[in-house]
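The structure appears right after this line, and notes come after that.
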Amino acid sequence: MSEDYRMMWKDLGLDLETHDALLAALGAGYAQTFMTQKDRPEGMKYFDFVMSEVHGLRVKELMDAKAAGRKVVGSFCVYVPEEIVLALDGVHVGLCAGAEFGYAEAEKYLPRNTCGLIKSFFGFSLTRVCPYMSASDLVVGENTCDGKKKAYEIFKDLPLVNALYVMDLPQMKGERGRALLVDEYTKFARKMEELAGKKLTVENLKKGIARVNAKRSAMHRLAKLRAADPAPISGLDALLANQVFFYDDPERFTGSVNAICDELEKRVKAGKGVAKKGAPRILVSGCPMAVPNWKIPSIVESCGAVIVGEESCVGERGTRDLAPDSGTTVEALIAGLADRYLKRHCAVFTPNPERLEDVKAMADAYKADGVIHYGIQFCNPYQIEGGAVERALEKAKIPTLRIDTDYSMEDAGQIRTRVEAFLERIKG
Amino acid sequence: MRAAGIDIGSRTVKLVAVEAGGAIVHERVEEATFDPLKVCARLVAEISVDAIVATGYGRHLFQRLAPGAEPITEIKAAAIGARAVMPGCRALVDVGGQDTKVVALEPDGRVLKFAMNDRCAAGTGRFLEVMAAALAFTPAEFVSAALAAKRAERSSSMCAVFAESEVVSLVARGALRDEIALGIHLAIASRTAGLAGTVPLEGDVLFVGGGALNACLARELGRALKLPLVVPRSPQTVAAYGAALHAIGSLTWAAERTGRKAK
């Protein structure tokens with residue numbers, strides 16, 4: 001790692017020793033999980049590079065952008081409209097929350113039985129190892145689940161971020177919910193205008209929408225290619241693309257995913273894939289998997305199955321549907337954004353039957369033999385909804401396995417047994 | 001033609017050998033110790049078989065001893081074994097050392113749906129051992145004390161660590177040891193029945209695994225499930241038996257195929 005990066009991390013206030021330990025663990029985990037896979041698409045080399053530079057080159061780019069007067073906005077949730085950030089020439093990044101790191105520190109502020117995602121976000125921040133958090137001019141929180149709502153209240157009073165802005169979100173999807181979301185996005189737009197010192201216009205907002213839609217279109221293309229049997233790309237690699245979606249330069253990301261899709265199209269035509277034709281095909285549904293949370297896909301694919309889709313915020317739930325760009329006023333464009341984002345069907349909404357319909361439609365479209373419902377332990381919305389989703393899918397003759405777990409590897413053996421037994425059940 | 005099934009669990013290793021047709025010719029149960037492979041090697045050396053199938057927690061580890069031995073999960077193995085000891089069986093509960101499994105079977109014996117306890121040892125054989133020790137009982141005394149208790153001291157905690165401290169506070173309140181023992185059995189039975197409710201189970205339930213050797217747990221689990229509970233002759237070896245039957249089945253199938261080709 002170059003000395004320049006060390007200076008940069010130091011300037012960002014990172015704890016270099018702890019950060020070194022994190023990068024070493026991340027690098028080893030990545031090598032063991034990703035580099036041992038067979039027949040990876042050539043295009044994945046780009047993502048290998050991105051991961052090797054995830055706290056290096058990309059952070060340097062953020063610092064350069066800041067030096068040029070652009071604003072960096074960090075968030076944890078797909079309800080934060082990236083279009084508005086990009087429209088005002090800002091940079092939007094996802095923040096660190098996918099590993100059991102700094103839990104001892106986090107537990108000074110949070111109960112032990114808090115979900116891994118929240119504990120991890122506190123842990124990374126408190127141990128000062130998330131350069132994205134430090135580089136963010138504004139961190140945007142959101143009222144999704146109760147855990148996050150209360151956590152942001154505590155986080156606000158800790159001297160860890162430059163500024164925290166918490167956005168309200170509806171809990172129901174009707175007209176009132178829509179009105180609330182339009183109102184919140186309008187307020188957020190004003191906040192962003194103030195931060196960026198620029199005004200939103202029809203022109204720049206349309207450009208922001210087009211840039212994010214281009215990323216999404218590339219992901220839609222990738223998703224469709226995974227319907228082929230044999231699957232042309234592993235679930236792990238596809239998940240990685242979904243994870244990098246939150247970090248990377250939008251245009252470079254879009255180009256890289258499209259390049260992989262070109263390669264995969266050739267594979268599909270030639271009948272080539274990463275798993276044997278007829279290998280069990282699994283759809284994963286549930287909680288988001290932030291970098292470096294690769295636990296479930298890694299276990300599932302090492303048992304001989306292939307994951308063909310993710311009904312998740314880090315996956316198709318986050319990327320499906322393009323944002324409408326036909327509005328002729330800023331207000332109309334913002335309302336269009338609200339319409340799109342209201343359809344993410346996160347489990348914090350009630351009722352939420354659309355999510356179940358999405359799971360069924362995805363299982364059908366990607367020819368999944370079974371669904372694995374993933375819940376992060378202590379995530380009330382997904383764990384509770386998971387039971388209903390499981391019963392409904394089984395009723396629809398879609399074999400379903402529910403796994404609730406956290407980021408640690410101590411239950412990997414038990415999960416492997418359950419996944420193998422599930423695959424035995426699918427094979428009959 | 002002979003085949004064996006070896007079930008390498010967290011607490012014990014079970015080995016069953018069968019001949020063509022499925023009759024048991026050999027059956028052993030040993031402590032797993034801290035070197036289960038060594039135990040496996042000793043057990044395997046006692047027999048001569050044409051094929052062996054491994055199951056249980058150490059099924060992949062066993063490859064080191066016998067490369068090519070097919071691994072199957074204990075869920076599939078227990079399902080096969082269950083059908084052999086109880087023809088037509090559609091439901092089974094397996095309380096092992098570290099896992100509790102609930103399995104519903106299709107009419108033809110295939111696994112229809114299963115559920116397993118989450119990461120912690122609550123409600124498993126290991127939990128019972130820890131609780132017996134907390135009450136200064138041997139495992140056998142723990143069961144007979146619970147069976148003899150006239151009423152139960154309700155225990156609510158299902159975490160091995162919290163349950164132990166709950167036991168300590170119950171003792172400090174002057175609760176009777178026998179009644180605490182029964183309370184712990186009731187709590188496990190109720191938790192296992194809850195897990196069974198997510199599957200769910202119907203009809204006669206076969207109770208297997210080391211936990212089924214506990215007469216009090218069998219009595220209370222039957223009551224909690226509100227279904228007839230059947231404990232087979234040797235509940236601890238049902239998964240090993242299933243693995244052996246799977247092995248002999250594969251051998252027979254391969255032999256028949258070769259026979260057909262020869263004709």
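Convention: chains lettered A, B, ... in structure tokens order; per-chain residue numbering from 1; ligands numbered from 1 as shown.
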So which residues touch Ala347 in chain A within 7 Å, counting only C-alpha atoms, skipping near sequence neighbours fewer than 2 positions away, as a PyMOL selection string?
chain A and resi 345+349+352+381-382+385
Could you make a table, as CSV, of the residues of chain A that have an atom within 6 Å of an atom of chain B, each with its nearest atom pair and distance in Å to one decimal, counting only C-alpha atoms, in chain and number order?
residue,atom,partner,partner_atom,distance
A:Asp411,CA,B:Arg119,CA,5.6
A:Ala421,CA,B:Thr73,CA,5.8
A:Arg425,CA,B:Val111,CA,5.7
Go ahead and write the selection's residues with N, CA and C atoms as a JSON list (two decimals), in the first residue's frame.
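New file selection25.json:
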[["chain", "number", "residue", "atom", "x", "y", "z"],
["A", 411, "ASP", "N", -21.23, -20.08, 13.39],
["A", 411, "ASP", "CA", -22.30, -21.02, 13.06],
["A", 411, "ASP", "C", -22.21, -21.50, 11.61],
["A", 421, "ALA", "N", -28.72, -29.97, 3.47],
["A", 421, "ALA", "CA", -29.98, -30.71, 3.61],
["A", 421, "ALA", "C", -31.05, -30.10, 2.70],
["A", 425, "ARG", "N", -32.98, -31.87, -0.34],
["A", 425, "ARG", "CA", -34.44, -31.83, -0.47],
["A", 425, "ARG", "C", -34.83, -31.39, -1.90]]
Polymer residues at most 7 Å from Glu220 in chain B, only C-alpha atoms, same-chain spacing of 3 or more positions, as a PyMOL selection string
chain B and resi 186+189+216-217+223-224
Go through range 140-202 of chain A and collect every residue that DSSP, computed from the backbone, puts in strand (DSSP E or B); the answer should be as a ChimeraX atom specification.
/A:140-142,164-167
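Residue nearest Gly9 in chain B within the list B:Ala193, B:Ala212, B:Val95, B:Ile248: B:Val95 [criterion: smallest interatomic distance, only C-alpha atoms].
Minimum atom-to-atom distances from A:Lys206, A:His92, A:Lys343, A:Arg112 to Val140 in chain A were compared using only C-alpha atoms, and the lowest value belongs to A:His92.
Of note, CA of Pro170 in chain A and CA of Ala218 in chain A are spaced 29.1 Å apart.
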Please return, as a PyMOL selection string, all residues of range 43-286 of chain A that DSSP assigns to alpha helix (DSSP H) on the basis of the backbone.
chain A and resi 44-52+57-67+82-87+103-106+116-126+131-135+146-156+175-196+202-225+235-244+250-269
Can you list, as a list in words, every protein, DNA or RNA residue that comes within 12 Å of Gln37 in chain A when you count only C-alpha atoms, leaving out same-chain residues fewer than 6 positions away?
Tyr30, Ala31, Met44, Ile233, Ser234, Gly235, Leu236, Asp237, Val274, Ala275, Ser298, Glu301, Ser302, Gly304 and Val306 of chain A
Take the residues from that selection and write them out as a compact mmCIF listing (two decimals), in the first residue's frame, keeping C-alpha atoms.
# COMPACT_ATOMS: atom_id res chain seq x y z
CA TYR A 30 -11.57 -11.64 -0.39
CA ALA A 31 -8.79 -13.88 -1.71
CA MET A 44 -14.40 -9.56 -12.80
CA ILE A 233 -21.65 -15.94 -13.37
CA SER A 234 -21.52 -16.97 -9.74
CA GLY A 235 -23.85 -15.45 -7.18
CA LEU A 236 -20.79 -14.25 -5.27
CA ASP A 237 -19.48 -12.27 -8.23
CA VAL A 274 -19.71 -21.36 -13.72
CA ALA A 275 -21.74 -24.29 -12.42
CA SER A 298 -19.99 -18.41 -0.02
CA GLU A 301 -22.02 -21.99 -3.64
CA SER A 302 -19.35 -24.14 -1.98
CA GLY A 304 -22.49 -26.99 -5.34
CA VAL A 306 -25.49 -21.42 -7.76
Applying 12 Å and only C-alpha atoms, which residues near Val168 in chain B remain after dropping the ones on its own chain fewer than 4 positions away? List them as number ranges by chain.
B: 131, 133-136, 155, 161-164, 172-177, 180
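Rounded to one decimal, CA of Ala84 in chain B and CA of Leu128 in chain B lie 28.3 Å from each other.
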Restricting the calculation to only C-alpha atoms: of B:Ala181, B:Ala196, B:Leu65, B:Ala20, which residue gets closest to Val39 in chain B?
B:Leu65
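Among B:Gly197, B:Trp253, B:His246, B:Lys150, the residue with the shortest atom-to-atom distance to Gly387 in chain A, counting only C-alpha atoms, is B:Gly197.
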So which residues touch Ala23 in chain B within 12 Å, counting only C-alpha atoms, skipping near sequence neighbours fewer than 2 positions away, as a list of chain:residue names?
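So, after excluding close chain neighbours, the residues are B:Met1, B:Arg2, B:Ala3, B:Ala4, B:Val16, B:Ala17, B:Val18, B:Glu19, B:Ala20, B:Gly21, B:Val25, B:His26, B:Glu27, B:Ala84, B:Val85, B:Tyr241, B:Gly242, B:Ala244, B:Leu245, B:Ile248.
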Generate the output file for the selected residues, C-alpha atoms, as a PDB file, in the first residue's frame.
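Result went into selection14.pdb, see below:
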ATOM      1  CA  MET B   1     -22.189 -57.465   0.400  1.00  0.00           C
ATOM      2  CA  ARG B   2     -22.002 -55.216   3.459  1.00  0.00           C
ATOM      3  CA  ALA B   3     -22.098 -51.452   4.005  1.00  0.00           C
ATOM      4  CA  ALA B   4     -21.754 -49.120   6.948  1.00  0.00           C
ATOM      5  CA  VAL B  16     -23.973 -49.225  12.039  1.00  0.00           C
ATOM      6  CA  ALA B  17     -23.157 -51.955   9.500  1.00  0.00           C
ATOM      7  CA  VAL B  18     -25.828 -53.699   7.447  1.00  0.00           C
ATOM      8  CA  GLU B  19     -25.935 -56.542   4.949  1.00  0.00           C
ATOM      9  CA  ALA B  20     -27.845 -56.628   1.677  1.00  0.00           C
ATOM     10  CA  GLY B  21     -31.522 -56.328   2.566  1.00  0.00           C
ATOM     11  CA  VAL B  25     -24.967 -56.810  11.693  1.00  0.00           C
ATOM     12  CA  HIS B  26     -22.967 -54.381  13.820  1.00  0.00           C
ATOM     13  CA  GLU B  27     -23.737 -51.347  15.968  1.00  0.00           C
ATOM     14  CA  ALA B  84     -36.755 -48.273   8.261  1.00  0.00           C
ATOM     15  CA  VAL B  85     -37.499 -48.364  11.996  1.00  0.00           C
ATOM     16  CA  TYR B 241     -28.506 -46.748  10.281  1.00  0.00           C
ATOM     17  CA  GLY B 242     -29.997 -44.482   7.620  1.00  0.00           C
ATOM     18  CA  ALA B 244     -25.766 -47.479   6.159  1.00  0.00           C
ATOM     19  CA  LEU B 245     -29.026 -48.129   4.296  1.00  0.00           C
ATOM     20  CA  ILE B 248     -26.148 -50.492   0.768  1.00  0.00           C
TER      21      ILE B 248
END
So how far away is CA of Trp9 in chain A from CA of Gln32 in chain A, in Å?
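Here the two named atoms are 25.9 Å from each other.
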Near Val54 in chain A, counting only C-alpha atoms, which residues have an atom at most 10 Å away, once you skip same-chain residues fewer than 2 positions from it, shown as a PyMOL selection string?
chain A and resi 23+47-52+56-60+131-132+244+247-248
